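One file, structure-v3.cif, is given below (mmCIF, N, CA and C atoms).
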```cif
data_protein
loop_
_atom_site.group_PDB
_atom_site.id
_atom_site.type_symbol
_atom_site.label_atom_id
_atom_site.label_comp_id
_atom_site.auth_asym_id
_atom_site.auth_seq_id
_atom_site.Cartn_x
_atom_site.Cartn_y
_atom_site.Cartn_z
ATOM 1 N N LYS Z 364 -133.041 -254.772 -92.698
ATOM 2 C CA LYS Z 364 -131.929 -254.359 -93.542
ATOM 3 C C LYS Z 364 -130.610 -254.637 -92.847
ATOM 4 N N GLY Z 365 -129.551 -254.623 -93.602
ATOM 5 C CA GLY Z 365 -128.238 -254.913 -93.058
ATOM 6 C C GLY Z 365 -127.525 -253.668 -92.582
ATOM 7 N N TYR Z 366 -126.359 -253.450 -93.118
ATOM 8 C CA TYR Z 366 -125.531 -252.335 -92.683
ATOM 9 C C TYR Z 366 -125.016 -251.587 -93.906
ATOM 10 N N ARG Z 367 -124.523 -250.401 -93.651
ATOM 11 C CA ARG Z 367 -123.900 -249.587 -94.703
ATOM 12 C C ARG Z 367 -122.512 -249.176 -94.208
ATOM 13 N N LEU Z 368 -121.554 -249.148 -95.120
ATOM 14 C CA LEU Z 368 -120.207 -248.683 -94.799
ATOM 15 C C LEU Z 368 -120.090 -247.212 -95.172
ATOM 16 N N ASN Z 369 -119.458 -246.434 -94.308
ATOM 17 C CA ASN Z 369 -119.237 -244.998 -94.556
ATOM 18 C C ASN Z 369 -120.526 -244.312 -94.998
ATOM 19 N N TYR Z 370 -121.559 -244.494 -94.207
ATOM 20 C CA TYR Z 370 -122.916 -244.048 -94.535
ATOM 21 C C TYR Z 370 -123.001 -242.523 -94.551
ATOM 22 N N ALA Z 371 -123.139 -241.962 -95.741
ATOM 23 C CA ALA Z 371 -123.066 -240.512 -95.931
ATOM 24 C C ALA Z 371 -124.291 -239.761 -95.426
ATOM 25 N N LYS Z 372 -125.403 -240.448 -95.205
ATOM 26 C CA LYS Z 372 -126.621 -239.756 -94.780
ATOM 27 C C LYS Z 372 -126.696 -239.550 -93.271
ATOM 28 N N ALA Z 373 -125.701 -240.029 -92.557
ATOM 29 C CA ALA Z 373 -125.646 -239.830 -91.104
ATOM 30 C C ALA Z 373 -124.484 -238.886 -90.799
ATOM 31 N N PRO Z 374 -124.620 -238.059 -89.773
ATOM 32 C CA PRO Z 374 -123.514 -237.165 -89.405
ATOM 33 C C PRO Z 374 -122.226 -237.949 -89.188
ATOM 34 N N GLY Z 375 -121.130 -237.458 -89.747
ATOM 35 C CA GLY Z 375 -119.822 -238.039 -89.519
ATOM 36 C C GLY Z 375 -119.481 -239.252 -90.361
ATOM 37 N N ARG Z 376 -120.380 -239.665 -91.240
ATOM 38 C CA ARG Z 376 -120.142 -240.856 -92.074
ATOM 39 C C ARG Z 376 -119.624 -242.023 -91.233
ATOM 40 N N PRO Z 377 -120.461 -242.613 -90.387
ATOM 41 C CA PRO Z 377 -119.992 -243.725 -89.547
ATOM 42 C C PRO Z 377 -119.310 -244.804 -90.391
ATOM 43 N N ASP Z 378 -118.290 -245.426 -89.824
ATOM 44 C CA ASP Z 378 -117.593 -246.498 -90.530
ATOM 45 C C ASP Z 378 -118.568 -247.620 -90.877
ATOM 46 N N VAL Z 379 -119.423 -247.960 -89.927
ATOM 47 C CA VAL Z 379 -120.479 -248.945 -90.153
ATOM 48 C C VAL Z 379 -121.760 -248.370 -89.568
ATOM 49 N N ALA Z 380 -122.822 -248.371 -90.370
ATOM 50 C CA ALA Z 380 -124.110 -247.865 -89.883
ATOM 51 C C ALA Z 380 -125.173 -248.941 -90.078
ATOM 52 N N PHE Z 381 -125.832 -249.293 -88.995
ATOM 53 C CA PHE Z 381 -126.975 -250.183 -89.053
ATOM 54 C C PHE Z 381 -128.189 -249.264 -89.106
ATOM 55 N N VAL Z 382 -128.567 -248.889 -90.307
ATOM 56 C CA VAL Z 382 -129.534 -247.813 -90.520
ATOM 57 C C VAL Z 382 -130.882 -248.125 -89.887
ATOM 58 N N GLY Z 383 -131.390 -249.312 -90.102
ATOM 59 C CA GLY Z 383 -132.702 -249.680 -89.570
ATOM 60 C C GLY Z 383 -132.763 -249.640 -88.055
ATOM 61 N N ARG Z 384 -131.657 -249.946 -87.419
ATOM 62 C CA ARG Z 384 -131.600 -249.941 -85.951
ATOM 63 C C ARG Z 384 -130.972 -248.675 -85.399
ATOM 64 N N ARG Z 385 -130.527 -247.799 -86.290
ATOM 65 C CA ARG Z 385 -129.932 -246.516 -85.913
ATOM 66 C C ARG Z 385 -128.767 -246.682 -84.945
ATOM 67 N N VAL Z 386 -127.844 -247.545 -85.349
ATOM 68 C CA VAL Z 386 -126.608 -247.757 -84.589
ATOM 69 C C VAL Z 386 -125.445 -247.358 -85.488
ATOM 70 N N ALA Z 387 -124.615 -246.437 -85.003
ATOM 71 C CA ALA Z 387 -123.442 -245.970 -85.742
ATOM 72 C C ALA Z 387 -122.192 -246.487 -85.054
ATOM 73 N N VAL Z 388 -121.304 -247.097 -85.836
ATOM 74 C CA VAL Z 388 -120.067 -247.651 -85.293
ATOM 75 C C VAL Z 388 -118.891 -246.914 -85.924
ATOM 76 N N PHE Z 389 -118.012 -246.409 -85.066
ATOM 77 C CA PHE Z 389 -116.781 -245.773 -85.507
ATOM 78 C C PHE Z 389 -115.613 -246.612 -85.015
ATOM 79 N N VAL Z 390 -114.662 -246.884 -85.904
ATOM 80 C CA VAL Z 390 -113.429 -247.554 -85.516
ATOM 81 C C VAL Z 390 -112.343 -246.489 -85.584
ATOM 82 N N HIS Z 391 -111.909 -246.042 -84.418
ATOM 83 C CA HIS Z 391 -110.958 -244.939 -84.336
ATOM 84 C C HIS Z 391 -109.527 -245.433 -84.216
ATOM 85 N N GLY Z 392 -108.657 -244.877 -85.043
ATOM 86 C CA GLY Z 392 -107.231 -245.115 -84.907
ATOM 87 C C GLY Z 392 -106.725 -244.364 -83.680
ATOM 88 N N CYS Z 393 -105.925 -245.019 -82.897
ATOM 89 C CA CYS Z 393 -105.481 -244.441 -81.623
ATOM 90 C C CYS Z 393 -104.731 -243.120 -81.801
ATOM 91 N N PHE Z 394 -103.821 -243.050 -82.772
ATOM 92 C CA PHE Z 394 -103.056 -241.819 -82.968
ATOM 93 C C PHE Z 394 -103.959 -240.681 -83.431
ATOM 94 N N TRP Z 395 -104.732 -240.907 -84.484
ATOM 95 C CA TRP Z 395 -105.488 -239.829 -85.123
ATOM 96 C C TRP Z 395 -106.612 -239.285 -84.258
ATOM 97 N N HIS Z 396 -107.108 -240.100 -83.335
ATOM 98 C CA HIS Z 396 -108.241 -239.662 -82.511
ATOM 99 C C HIS Z 396 -107.857 -239.518 -81.044
ATOM 100 N N SER Z 397 -106.575 -239.579 -80.720
ATOM 101 C CA SER Z 397 -106.063 -239.394 -79.358
ATOM 102 C C SER Z 397 -106.738 -240.336 -78.364
ATOM 103 N N CYS Z 398 -106.438 -241.591 -78.498
ATOM 104 C CA CYS Z 398 -107.052 -242.640 -77.684
ATOM 105 C C CYS Z 398 -106.903 -242.370 -76.181
ATOM 106 N N PRO Z 399 -108.022 -242.423 -75.434
ATOM 107 C CA PRO Z 399 -107.953 -242.225 -73.982
ATOM 108 C C PRO Z 399 -107.477 -243.473 -73.242
ATOM 109 N N ASN Z 400 -107.355 -244.599 -73.956
ATOM 110 C CA ASN Z 400 -106.942 -245.846 -73.317
ATOM 111 C C ASN Z 400 -105.430 -246.037 -73.354
ATOM 112 N N CYS Z 401 -104.833 -245.904 -74.543
ATOM 113 C CA CYS Z 401 -103.391 -246.183 -74.663
ATOM 114 C C CYS Z 401 -102.549 -244.907 -74.756
ATOM 115 N N HIS Z 402 -103.178 -243.751 -74.864
ATOM 116 C CA HIS Z 402 -102.489 -242.453 -74.881
ATOM 117 C C HIS Z 402 -101.256 -242.443 -75.791
ATOM 118 N N PRO Z 403 -101.459 -242.560 -77.101
ATOM 119 C CA PRO Z 403 -100.285 -242.577 -77.987
ATOM 120 C C PRO Z 403 -99.534 -241.241 -77.921
ATOM 121 N N PRO Z 404 -98.223 -241.288 -78.001
ATOM 122 C CA PRO Z 404 -97.464 -240.032 -77.931
ATOM 123 C C PRO Z 404 -97.704 -239.176 -79.177
ATOM 124 N N ARG Z 405 -97.685 -237.881 -78.962
ATOM 125 C CA ARG Z 405 -97.816 -236.951 -80.081
ATOM 126 C C ARG Z 405 -96.434 -236.631 -80.621
ATOM 127 N N PRO Z 406 -96.362 -236.303 -81.915
ATOM 128 C CA PRO Z 406 -95.044 -235.977 -82.482
ATOM 129 C C PRO Z 406 -94.393 -234.804 -81.755
ATOM 130 N N ARG Z 407 -93.079 -234.860 -81.657
ATOM 131 C CA ARG Z 407 -92.345 -233.785 -81.002
ATOM 132 C C ARG Z 407 -91.988 -232.668 -81.972
ATOM 133 N N THR Z 408 -91.876 -233.013 -83.252
ATOM 134 C CA THR Z 408 -91.590 -231.980 -84.246
ATOM 135 C C THR Z 408 -92.914 -231.387 -84.722
ATOM 136 N N HIS Z 409 -92.890 -230.115 -85.057
ATOM 137 C CA HIS Z 409 -94.106 -229.398 -85.492
ATOM 138 C C HIS Z 409 -95.217 -229.546 -84.451
ATOM 139 N N LYS Z 410 -94.828 -229.411 -83.198
ATOM 140 C CA LYS Z 410 -95.722 -229.666 -82.063
ATOM 141 C C LYS Z 410 -97.018 -228.877 -82.134
ATOM 142 N N VAL Z 411 -96.937 -227.584 -82.450
ATOM 143 C CA VAL Z 411 -98.145 -226.751 -82.503
ATOM 144 C C VAL Z 411 -99.113 -227.285 -83.558
ATOM 145 N N PHE Z 412 -98.590 -227.605 -84.732
ATOM 146 C CA PHE Z 412 -99.432 -228.148 -85.796
ATOM 147 C C PHE Z 412 -100.154 -229.410 -85.329
ATOM 148 N N TRP Z 413 -99.397 -230.373 -84.797
ATOM 149 C CA TRP Z 413 -99.983 -231.648 -84.406
ATOM 150 C C TRP Z 413 -100.947 -231.506 -83.241
ATOM 151 N N ASP Z 414 -100.608 -230.671 -82.264
ATOM 152 C CA ASP Z 414 -101.532 -230.464 -81.145
ATOM 153 C C ASP Z 414 -102.859 -229.906 -81.649
ATOM 154 N N GLU Z 415 -102.802 -228.906 -82.513
ATOM 155 C CA GLU Z 415 -104.034 -228.320 -83.048
ATOM 156 C C GLU Z 415 -104.813 -229.336 -83.876
ATOM 157 N N LYS Z 416 -104.120 -230.071 -84.727
ATOM 158 C CA LYS Z 416 -104.762 -231.062 -85.589
ATOM 159 C C LYS Z 416 -105.462 -232.145 -84.772
ATOM 160 N N LEU Z 417 -104.751 -232.725 -83.834
ATOM 161 C CA LEU Z 417 -105.321 -233.822 -83.055
ATOM 162 C C LEU Z 417 -106.422 -233.325 -82.116
ATOM 163 N N ASP Z 418 -106.282 -232.115 -81.568
ATOM 164 C CA ASP Z 418 -107.350 -231.542 -80.740
ATOM 165 C C ASP Z 418 -108.605 -231.281 -81.566
ATOM 166 N N ARG Z 419 -108.422 -230.807 -82.800
ATOM 167 C CA ARG Z 419 -109.578 -230.592 -83.696
ATOM 168 C C ARG Z 419 -110.279 -231.918 -83.997
ATOM 169 N N ASN Z 420 -109.496 -232.958 -84.199
ATOM 170 C CA ASN Z 420 -110.095 -234.274 -84.448
ATOM 171 C C ASN Z 420 -110.976 -234.699 -83.282
ATOM 172 N N ARG Z 421 -110.472 -234.529 -82.064
ATOM 173 C CA ARG Z 421 -111.256 -234.905 -80.875
ATOM 174 C C ARG Z 421 -112.535 -234.074 -80.770
ATOM 175 N N GLN Z 422 -112.409 -232.775 -81.007
ATOM 176 C CA GLN Z 422 -113.596 -231.900 -80.956
ATOM 177 C C GLN Z 422 -114.619 -232.322 -82.007
ATOM 178 N N ARG Z 423 -114.149 -232.635 -83.217
ATOM 179 C CA ARG Z 423 -115.038 -233.074 -84.285
ATOM 180 C C ARG Z 423 -115.736 -234.374 -83.887
ATOM 181 N N ASP Z 424 -114.984 -235.320 -83.307
ATOM 182 C CA ASP Z 424 -115.572 -236.590 -82.883
ATOM 183 C C ASP Z 424 -116.703 -236.354 -81.882
ATOM 184 N N LYS Z 425 -116.480 -235.470 -80.917
ATOM 185 C CA LYS Z 425 -117.508 -235.168 -79.914
ATOM 186 C C LYS Z 425 -118.737 -234.528 -80.559
ATOM 187 N N ARG Z 426 -118.492 -233.588 -81.474
ATOM 188 C CA ARG Z 426 -119.590 -232.895 -82.172
ATOM 189 C C ARG Z 426 -120.433 -233.896 -82.978
ATOM 190 N N ILE Z 427 -119.766 -234.805 -83.668
ATOM 191 C CA ILE Z 427 -120.473 -235.808 -84.471
ATOM 192 C C ILE Z 427 -121.277 -236.735 -83.573
ATOM 193 N N GLU Z 428 -120.680 -237.169 -82.475
ATOM 194 C CA GLU Z 428 -121.402 -238.068 -81.568
ATOM 195 C C GLU Z 428 -122.646 -237.395 -81.009
ATOM 196 N N ARG Z 429 -122.525 -236.120 -80.620
ATOM 197 C CA ARG Z 429 -123.700 -235.380 -80.128
ATOM 198 C C ARG Z 429 -124.789 -235.294 -81.191
ATOM 199 N N ALA Z 430 -124.399 -234.989 -82.423
ATOM 200 C CA ALA Z 430 -125.372 -234.859 -83.514
ATOM 201 C C ALA Z 430 -126.082 -236.187 -83.769
ATOM 202 N N LEU Z 431 -125.330 -237.271 -83.748
ATOM 203 C CA LEU Z 431 -125.950 -238.581 -83.965
ATOM 204 C C LEU Z 431 -126.920 -238.922 -82.840
ATOM 205 N N ARG Z 432 -126.496 -238.705 -81.599
ATOM 206 C CA ARG Z 432 -127.377 -239.014 -80.462
ATOM 207 C C ARG Z 432 -128.642 -238.159 -80.510
ATOM 208 N N LYS Z 433 -128.482 -236.902 -80.851
ATOM 209 C CA LYS Z 433 -129.637 -236.005 -80.954
ATOM 210 C C LYS Z 433 -130.613 -236.494 -82.033
ATOM 211 N N ALA Z 434 -130.070 -237.108 -83.081
ATOM 212 C CA ALA Z 434 -130.899 -237.632 -84.171
ATOM 213 C C ALA Z 434 -131.440 -239.032 -83.862
ATOM 214 N N GLY Z 435 -131.179 -239.533 -82.649
ATOM 215 C CA GLY Z 435 -131.740 -240.811 -82.243
ATOM 216 C C GLY Z 435 -130.884 -242.031 -82.519
ATOM 217 N N TRP Z 436 -129.615 -241.828 -82.813
ATOM 218 C CA TRP Z 436 -128.701 -242.937 -83.069
ATOM 219 C C TRP Z 436 -127.999 -243.355 -81.786
ATOM 220 N N ARG Z 437 -127.657 -244.638 -81.691
ATOM 221 C CA ARG Z 437 -126.748 -245.125 -80.660
ATOM 222 C C ARG Z 437 -125.362 -245.141 -81.290
ATOM 223 N N VAL Z 438 -124.364 -244.732 -80.547
ATOM 224 C CA VAL Z 438 -123.012 -244.612 -81.078
ATOM 225 C C VAL Z 438 -122.077 -245.564 -80.333
ATOM 226 N N VAL Z 439 -121.331 -246.345 -81.101
ATOM 227 C CA VAL Z 439 -120.334 -247.251 -80.547
ATOM 228 C C VAL Z 439 -118.988 -246.827 -81.123
ATOM 229 N N THR Z 440 -118.047 -246.503 -80.248
ATOM 230 C CA THR Z 440 -116.693 -246.163 -80.679
ATOM 231 C C THR Z 440 -115.775 -247.303 -80.274
ATOM 232 N N ILE Z 441 -115.118 -247.870 -81.266
ATOM 233 C CA ILE Z 441 -114.191 -248.963 -81.024
ATOM 234 C C ILE Z 441 -112.784 -248.441 -81.293
ATOM 235 N N TRP Z 442 -111.934 -248.531 -80.295
ATOM 236 C CA TRP Z 442 -110.564 -248.039 -80.424
ATOM 237 C C TRP Z 442 -109.672 -249.125 -81.000
ATOM 238 N N GLU Z 443 -108.741 -248.699 -81.848
ATOM 239 C CA GLU Z 443 -107.809 -249.593 -82.521
ATOM 240 C C GLU Z 443 -107.104 -250.525 -81.525
ATOM 241 N N CYS Z 444 -106.617 -249.994 -80.416
ATOM 242 C CA CYS Z 444 -105.875 -250.807 -79.449
ATOM 243 C C CYS Z 444 -106.769 -251.876 -78.819
ATOM 244 N N ARG Z 445 -108.012 -251.527 -78.545
ATOM 245 C CA ARG Z 445 -108.942 -252.500 -77.946
ATOM 246 C C ARG Z 445 -109.356 -253.566 -78.963
ATOM 247 N N LEU Z 446 -109.508 -253.137 -80.218
ATOM 248 C CA LEU Z 446 -109.868 -254.077 -81.278
ATOM 249 C C LEU Z 446 -108.757 -255.101 -81.485
ATOM 250 N N ARG Z 447 -107.513 -254.622 -81.455
ATOM 251 C CA ARG Z 447 -106.374 -255.545 -81.608
ATOM 252 C C ARG Z 447 -106.317 -256.538 -80.445
ATOM 253 N N ARG Z 448 -106.586 -256.044 -79.240
ATOM 254 C CA ARG Z 448 -106.487 -256.878 -78.042
ATOM 255 C C ARG Z 448 -107.633 -257.880 -77.960
ATOM 256 N N SER Z 449 -108.844 -257.430 -78.344
ATOM 257 C CA SER Z 449 -109.999 -258.302 -78.184
ATOM 258 C C SER Z 449 -111.037 -258.051 -79.276
ATOM 259 N N PRO Z 450 -110.848 -258.654 -80.441
ATOM 260 C CA PRO Z 450 -111.852 -258.497 -81.499
ATOM 261 C C PRO Z 450 -113.237 -258.974 -81.053
ATOM 262 N N ALA Z 451 -113.267 -260.054 -80.278
ATOM 263 C CA ALA Z 451 -114.553 -260.582 -79.810
ATOM 264 C C ALA Z 451 -115.256 -259.575 -78.897
ATOM 265 N N GLY Z 452 -114.483 -258.851 -78.091
ATOM 266 C CA GLY Z 452 -115.075 -257.835 -77.218
ATOM 267 C C GLY Z 452 -115.698 -256.706 -78.025
ATOM 268 N N ALA Z 453 -115.042 -256.311 -79.104
ATOM 269 C CA ALA Z 453 -115.585 -255.262 -79.964
ATOM 270 C C ALA Z 453 -116.886 -255.720 -80.611
ATOM 271 N N VAL Z 454 -116.901 -256.951 -81.075
ATOM 272 C CA VAL Z 454 -118.118 -257.509 -81.676
ATOM 273 C C VAL Z 454 -119.239 -257.549 -80.649
ATOM 274 N N ALA Z 455 -118.917 -257.938 -79.439
ATOM 275 C CA ALA Z 455 -119.927 -258.013 -78.375
ATOM 276 C C ALA Z 455 -120.529 -256.633 -78.088
ATOM 277 N N ARG Z 456 -119.692 -255.589 -78.117
ATOM 278 C CA ARG Z 456 -120.209 -254.233 -77.876
ATOM 279 C C ARG Z 456 -121.189 -253.820 -78.970
ATOM 280 N N VAL Z 457 -120.867 -254.140 -80.201
ATOM 281 C CA VAL Z 457 -121.766 -253.803 -81.308
ATOM 282 C C VAL Z 457 -123.062 -254.591 -81.174
ATOM 283 N N LYS Z 458 -122.949 -255.866 -80.845
ATOM 284 C CA LYS Z 458 -124.159 -256.686 -80.674
ATOM 285 C C LYS Z 458 -125.051 -256.143 -79.564
ATOM 286 N N ARG Z 459 -124.431 -255.708 -78.466
ATOM 287 C CA ARG Z 459 -125.226 -255.130 -77.369
ATOM 288 C C ARG Z 459 -125.969 -253.890 -77.851
ATOM 289 N N ALA Z 460 -125.281 -253.048 -78.608
ATOM 290 C CA ALA Z 460 -125.917 -251.826 -79.115
ATOM 291 C C ALA Z 460 -127.082 -252.167 -80.062
ATOM 292 N N LEU Z 461 -126.930 -253.277 -80.781
ATOM 293 C CA LEU Z 461 -127.992 -253.711 -81.689
ATOM 294 C C LEU Z 461 -129.121 -254.426 -80.958
ATOM 295 N N GLY Z 462 -128.893 -254.713 -79.676
ATOM 296 C CA GLY Z 462 -129.923 -255.396 -78.896
ATOM 297 C C GLY Z 462 -129.934 -256.894 -79.101
ATOM 298 N N GLU Z 463 -128.819 -257.436 -79.601
ATOM 299 C CA GLU Z 463 -128.730 -258.867 -79.814
ATOM 300 C C GLU Z 463 -128.079 -259.531 -78.616
ATOM 301 N N LYS Z 464 -128.364 -260.805 -78.463
ATOM 302 C CA LYS Z 464 -127.722 -261.571 -77.395
ATOM 303 C C LYS Z 464 -126.351 -262.020 -77.869
ATOM 304 N N ARG Z 465 -125.453 -262.210 -76.918
ATOM 305 C CA ARG Z 465 -124.110 -262.711 -77.250
ATOM 306 C C ARG Z 465 -124.201 -264.163 -77.681
ATOM 307 N N THR Z 466 -123.276 -264.532 -78.566
ATOM 308 C CA THR Z 466 -123.238 -265.939 -78.982
ATOM 309 C C THR Z 466 -121.998 -266.603 -78.449
#
```

Written as structure tokens, how would this file's structure read?
Amino acid sequence: KGYRLNYAKAPGRPDVAFVGRRVAVFVHGCFWHSCPNCHPPRPRTHKVFWDEKLDRNRQRDKRIERALRKAGWRVVTIWECRLRRSPAGAVARVKRALGEKRT
């Protein structure tokens, strides 16, 4: 089988799910998921709101990843900044998770 987009039967609705191989791919926006690579700045206005919101997003991401791994899925998180810098690198990571050789 191929892949499913926003697969509702897996925890967290992965952006791309390779159901037969149990590989879940998330493409995270750097701001919304608090990227550990490029560290986007948080808004200065309504600081408490944004800190709580973005911290909740990170906690949710961790909870979803744990649930998927517990259910036997491999999880690949691709960050927006890394995808922009190297689309081929992102593809290679997904291929590795699928157990395919690089082309």

Might you pull out every residue within 12 Å of Gly392 of chain Z, with only C-alpha atoms counted and same-chain residues fewer than 6 positions away left off, and present them as a PyMOL selection string? chain Z and resi 378+398-403+417+420-421+440-447

Long-range neighbours of segment 366-374 of chain Z as an mmCIF file with N, CA and C atoms, in the coordinates of the input, 7 Å cut-off, all atoms listed in the file, 3 positions minimum in chain:
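See result_22.cif below for the written result:
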```
data_model
loop_
_atom_site.group_PDB
_atom_site.id
_atom_site.type_symbol
_atom_site.label_atom_id
_atom_site.label_comp_id
_atom_site.auth_asym_id
_atom_site.auth_seq_id
_atom_site.Cartn_x
_atom_site.Cartn_y
_atom_site.Cartn_z
ATOM 1 N N PRO Z 377 -120.461 -242.613 -90.387
ATOM 2 C CA PRO Z 377 -119.992 -243.725 -89.547
ATOM 3 C C PRO Z 377 -119.310 -244.804 -90.391
ATOM 4 N N ASP Z 378 -118.290 -245.426 -89.824
ATOM 5 C CA ASP Z 378 -117.593 -246.498 -90.530
ATOM 6 C C ASP Z 378 -118.568 -247.620 -90.877
ATOM 7 N N VAL Z 379 -119.423 -247.960 -89.927
ATOM 8 C CA VAL Z 379 -120.479 -248.945 -90.153
ATOM 9 C C VAL Z 379 -121.760 -248.370 -89.568
ATOM 10 N N ALA Z 380 -122.822 -248.371 -90.370
ATOM 11 C CA ALA Z 380 -124.110 -247.865 -89.883
ATOM 12 C C ALA Z 380 -125.173 -248.941 -90.078
ATOM 13 N N PHE Z 381 -125.832 -249.293 -88.995
ATOM 14 C CA PHE Z 381 -126.975 -250.183 -89.053
ATOM 15 C C PHE Z 381 -128.189 -249.264 -89.106
ATOM 16 N N VAL Z 382 -128.567 -248.889 -90.307
ATOM 17 C CA VAL Z 382 -129.534 -247.813 -90.520
ATOM 18 C C VAL Z 382 -130.882 -248.125 -89.887
ATOM 19 N N ILE Z 427 -119.766 -234.805 -83.668
ATOM 20 C CA ILE Z 427 -120.473 -235.808 -84.471
ATOM 21 C C ILE Z 427 -121.277 -236.735 -83.573
ATOM 22 N N GLU Z 428 -120.680 -237.169 -82.475
ATOM 23 C CA GLU Z 428 -121.402 -238.068 -81.568
ATOM 24 C C GLU Z 428 -122.646 -237.395 -81.009
ATOM 25 N N ALA Z 430 -124.399 -234.989 -82.423
ATOM 26 C CA ALA Z 430 -125.372 -234.859 -83.514
ATOM 27 C C ALA Z 430 -126.082 -236.187 -83.769
ATOM 28 N N LEU Z 431 -125.330 -237.271 -83.748
ATOM 29 C CA LEU Z 431 -125.950 -238.581 -83.965
ATOM 30 C C LEU Z 431 -126.920 -238.922 -82.840
#
```

Run DSSP on the backbone of this structure and report the residues of chain Z it assigns to strand (DSSP E), as a PyMOL selection string. chain Z and resi 367-368+379-381+386-391+437-442

Run through the PyMOL selection byres ((chain Z and resi 386) around 6.5) on the given coordinates and return the selected residues as JSON, numbers by chain. {"Z": [379, 380, 381, 382, 383, 384, 385, 387, 388, 436, 437, 438, 439, 460]}

Within 12 Å of Pro404 of chain Z using only C-alpha atoms, minus same-chain residues under 4 positions, as a compact mmCIF listing (two decimals) with N, CA and C atoms, in the coordinates of the input:
```txt
# COMPACT_ATOMS: atom_id res chain seq x y z
N CYS Z 393 -105.92 -245.02 -82.90
CA CYS Z 393 -105.48 -244.44 -81.62
C CYS Z 393 -104.73 -243.12 -81.80
N PHE Z 394 -103.82 -243.05 -82.77
CA PHE Z 394 -103.06 -241.82 -82.97
C PHE Z 394 -103.96 -240.68 -83.43
N TRP Z 395 -104.73 -240.91 -84.48
CA TRP Z 395 -105.49 -239.83 -85.12
C TRP Z 395 -106.61 -239.28 -84.26
N HIS Z 396 -107.11 -240.10 -83.34
CA HIS Z 396 -108.24 -239.66 -82.51
C HIS Z 396 -107.86 -239.52 -81.04
N SER Z 397 -106.58 -239.58 -80.72
CA SER Z 397 -106.06 -239.39 -79.36
C SER Z 397 -106.74 -240.34 -78.36
N CYS Z 398 -106.44 -241.59 -78.50
CA CYS Z 398 -107.05 -242.64 -77.68
C CYS Z 398 -106.90 -242.37 -76.18
N PRO Z 399 -108.02 -242.42 -75.43
CA PRO Z 399 -107.95 -242.22 -73.98
C PRO Z 399 -107.48 -243.47 -73.24
N THR Z 408 -91.88 -233.01 -83.25
CA THR Z 408 -91.59 -231.98 -84.25
C THR Z 408 -92.91 -231.39 -84.72
N LYS Z 410 -94.83 -229.41 -83.20
CA LYS Z 410 -95.72 -229.67 -82.06
C LYS Z 410 -97.02 -228.88 -82.13
N TRP Z 413 -99.40 -230.37 -84.80
CA TRP Z 413 -99.98 -231.65 -84.41
C TRP Z 413 -100.95 -231.51 -83.24
N ASP Z 414 -100.61 -230.67 -82.26
CA ASP Z 414 -101.53 -230.46 -81.14
C ASP Z 414 -102.86 -229.91 -81.65
N LEU Z 417 -104.75 -232.72 -83.83
CA LEU Z 417 -105.32 -233.82 -83.06
C LEU Z 417 -106.42 -233.32 -82.12
```

Quick one: of Z:Val457, Z:Gly375, Z:Pro450, Z:His391, who's nearest to Arg426 of chain Z, counting only C-alpha atoms? Z:Gly375

Identify, with DSSP run on backbone atoms, the residues in chain Z assigned to helix (DSSP H, G or I), and express the list as a PyMOL selection string. chain Z and resi 382-384+393-396+410-433+443-448+450-461

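Between atom C of Glu415 of chain Z and atom CA of Arg432 of chain Z the interatomic distance comes to 24.8 Å.
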
Pairwise distance for atom C of Lys425 of chain Z and atom C of Gly452 of chain Z, rounded to one decimal in Å: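 Atom C of Lys425 of chain Z sits 22.5 Å away from atom C of Gly452 of chain Z.
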
The centre and edge lengths of an axis-aligned box containing all atoms of segment 436-443 of chain Z present in the file, extended by 5 Å on each side, are to be given in Å to one decimal, as lines of an AutoDock Vina configuration file.
```
center_x = -118.4
center_y = -246.2
center_z = -81.7
size_x = 32.5
size_y = 18.7
size_z = 12.8
```

Report the distance between atom N of Arg419 of chain Z and atom C of Arg376 of chain Z in Å, rounded to one decimal place.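 Pair atom N of Arg419 of chain Z / atom C of Arg376 of chain Z returns 18.0 Å.
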